[in-house]
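**Student:** Here it is, the structure, as structure tokens.
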Amino acid sequence: SQQGEEDPQALSIQEGENATMNCSYKTSINNLQWYRQNSGRGLVHLILIRSNEREKHSGRLRVTLDTSKKSSSLLITASRAADTASYFCATDDAGNNRKLIWGLGTSLAVNP
Amino acid sequence: NAGVMQNPRHLVRRRGQEARLRCSPMKGHSHVYWYRQLPEEGLKFMVYLQKENIIDESGMPKERFSAEFPKEGPSILRIQQVVRGDSAAYFCASSPPGPTSGNTIYFGEGSWLTVV
């Protein structure tokens, strides 16, 4: 069953703008992860946020987690054309970190 | 330290043939996962293996699909008598042994199967 649901499904912005993607999930989690996938390529891990954390930063990435709303957001600041990719959130399955449940992804296009 | 290696990257099979996808985990990693990504969809968990053991195969179709991770050699995902609906990207991932909490898993570049 689908756990994470990202929105928007697609996002198109200009270079330099910020991009915000959201992810909602259904069950209790231990952690939530964001991954990036370039077209035709594998998934690259971006950031992991634990259920007891509310915000985490990594370079131009900022992730928030609201466990009361079962939602997370990924903010990419000062976007670049190279950020063009699909972004997925993944949560563990009822505390089983070995099995990730994925959303459908947000397709981000950053126009030069 | 090489990443997760998958081969072939692209595979074309006719309906009814067999597809074999290979995955070598990162050095030191003893856990292997297979995920499937259908066109325009997110990833779906298929199976989780440790050396010589299938730990969780709850995402594997009941028929035609099998996976193994032998003591020596790569993990293999085998699809027998492929059908058009098996066309997808199959991703392998690996993680090190140890506590599960907060473990990041590392993905290979995927194997794209096309059934014609």
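Residues are referred to by chain and number: the chain letter is A, B, ... according to the order shown in the structure tokens, the number counts from 1 in that chain, and ligands are numbered separately from 1 in the order shown.
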Just the strand (DSSP E) stuff from chain B, please, per backbone DSSP, written as an MDAnalysis selection string.

**Tutor:** chainID B and resid 5:7 10:13 19:24 31:37 43:50 53:56 65:68 75:79 88:95 106:107 111:115

**Student:** Within 9 Å of Leu104 of chain A, counting only C-alpha atoms, which residues show up once you throw out same-chain ones fewer than 4 positions away? Write them as a list in words, please.

**Tutor:** Gln2, Gly4, Glu5, Glu6, Asp7, Gln9, Tyr87, Phe88 and Cys89 of chain A; Glu40, Glu41, Gly42 and Leu43 of chain B

**Student:** Save the residues we just selected, N, CA, C and O atoms, as an mmCIF file, in the first residue's frame?

**Tutor:**
```cif
data_model
loop_
_atom_site.group_PDB
_atom_site.id
_atom_site.type_symbol
_atom_site.label_atom_id
_atom_site.label_comp_id
_atom_site.auth_asym_id
_atom_site.auth_seq_id
_atom_site.Cartn_x
_atom_site.Cartn_y
_atom_site.Cartn_z
ATOM 1 N N GLN A 2 0.395 2.287 -0.580
ATOM 2 C CA GLN A 2 1.161 3.516 -0.682
ATOM 3 C C GLN A 2 1.218 4.174 0.681
ATOM 4 O O GLN A 2 0.216 4.343 1.358
ATOM 5 N N GLY A 4 3.798 7.054 1.503
ATOM 6 C CA GLY A 4 4.074 8.461 1.307
ATOM 7 C C GLY A 4 3.371 8.988 0.077
ATOM 8 O O GLY A 4 3.263 8.306 -0.937
ATOM 9 N N GLU A 5 2.905 10.187 0.175
ATOM 10 C CA GLU A 5 2.323 10.839 -0.989
ATOM 11 C C GLU A 5 2.942 12.221 -1.081
ATOM 12 O O GLU A 5 2.787 13.046 -0.178
ATOM 13 N N GLU A 6 3.663 12.448 -2.163
ATOM 14 C CA GLU A 6 4.286 13.744 -2.324
ATOM 15 C C GLU A 6 3.350 14.685 -3.063
ATOM 16 O O GLU A 6 2.568 14.273 -3.927
ATOM 17 N N ASP A 7 3.509 15.952 -2.729
ATOM 18 C CA ASP A 7 2.820 16.935 -3.544
ATOM 19 C C ASP A 7 3.700 18.172 -3.597
ATOM 20 O O ASP A 7 4.424 18.455 -2.649
ATOM 21 N N GLN A 9 2.847 16.954 -7.635
ATOM 22 C CA GLN A 9 3.389 15.890 -8.479
ATOM 23 C C GLN A 9 4.490 16.428 -9.378
ATOM 24 O O GLN A 9 5.455 15.721 -9.685
ATOM 25 N N TYR A 87 12.009 13.741 -6.804
ATOM 26 C CA TYR A 87 12.322 13.657 -5.383
ATOM 27 C C TYR A 87 11.281 12.780 -4.706
ATOM 28 O O TYR A 87 10.072 12.980 -4.882
ATOM 29 N N PHE A 88 11.780 11.814 -3.946
ATOM 30 C CA PHE A 88 10.895 10.849 -3.295
ATOM 31 C C PHE A 88 11.099 10.884 -1.785
ATOM 32 O O PHE A 88 12.231 11.028 -1.300
ATOM 33 N N CYS A 89 9.993 10.721 -1.059
ATOM 34 C CA CYS A 89 10.129 10.480 0.372
ATOM 35 C C CYS A 89 9.896 8.991 0.616
ATOM 36 O O CYS A 89 9.177 8.329 -0.130
ATOM 37 N N GLU B 40 6.369 5.843 -14.135
ATOM 38 C CA GLU B 40 5.612 6.930 -13.503
ATOM 39 C C GLU B 40 5.145 6.590 -12.089
ATOM 40 O O GLU B 40 4.193 7.180 -11.591
ATOM 41 N N GLU B 41 5.798 5.652 -11.444
ATOM 42 C CA GLU B 41 5.402 5.303 -10.088
ATOM 43 C C GLU B 41 6.600 5.323 -9.146
ATOM 44 O O GLU B 41 7.744 5.352 -9.571
ATOM 45 N N GLY B 42 6.313 5.308 -7.882
ATOM 46 C CA GLY B 42 7.371 5.196 -6.888
ATOM 47 C C GLY B 42 7.837 3.763 -6.767
ATOM 48 O O GLY B 42 7.357 2.864 -7.444
ATOM 49 N N LEU B 43 8.785 3.563 -5.891
ATOM 50 C CA LEU B 43 9.350 2.238 -5.712
ATOM 51 C C LEU B 43 8.462 1.375 -4.835
ATOM 52 O O LEU B 43 7.830 1.864 -3.890
#
```

**Student:** Based on only C-alpha atoms, which of the residues in chain B come within 12 Å of chain A? I want them as number ranges by chain.

**Tutor:** B: 3-6, 9-10, 31-50, 55-59, 88-112

**Student:** What does the distance between atom CA of Gly73 of chain B and atom CA of Tyr35 of chain A come to in Å, to one decimal place?

**Tutor:**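 Straight-line distance from atom CA of Gly73 of chain B to atom CA of Tyr35 of chain A works out to 28.0 Å.
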
**Student:** Can you tell me how far atom CA of Val110 of chain A sits from atom CA of Ser72 of chain A, in Å to one decimal?

**Tutor:** 21.4 Å

**Student:** Find the spatial neighbours of segment 76-84 of chain A, counting only C-alpha atoms, within a cut-off of 8 Å - ignore same-chain residues fewer than 5 positions away - and output them as an MDAnalysis selection string.

**Tutor:** chainID A and resid 14:20 38 60:62 107:112
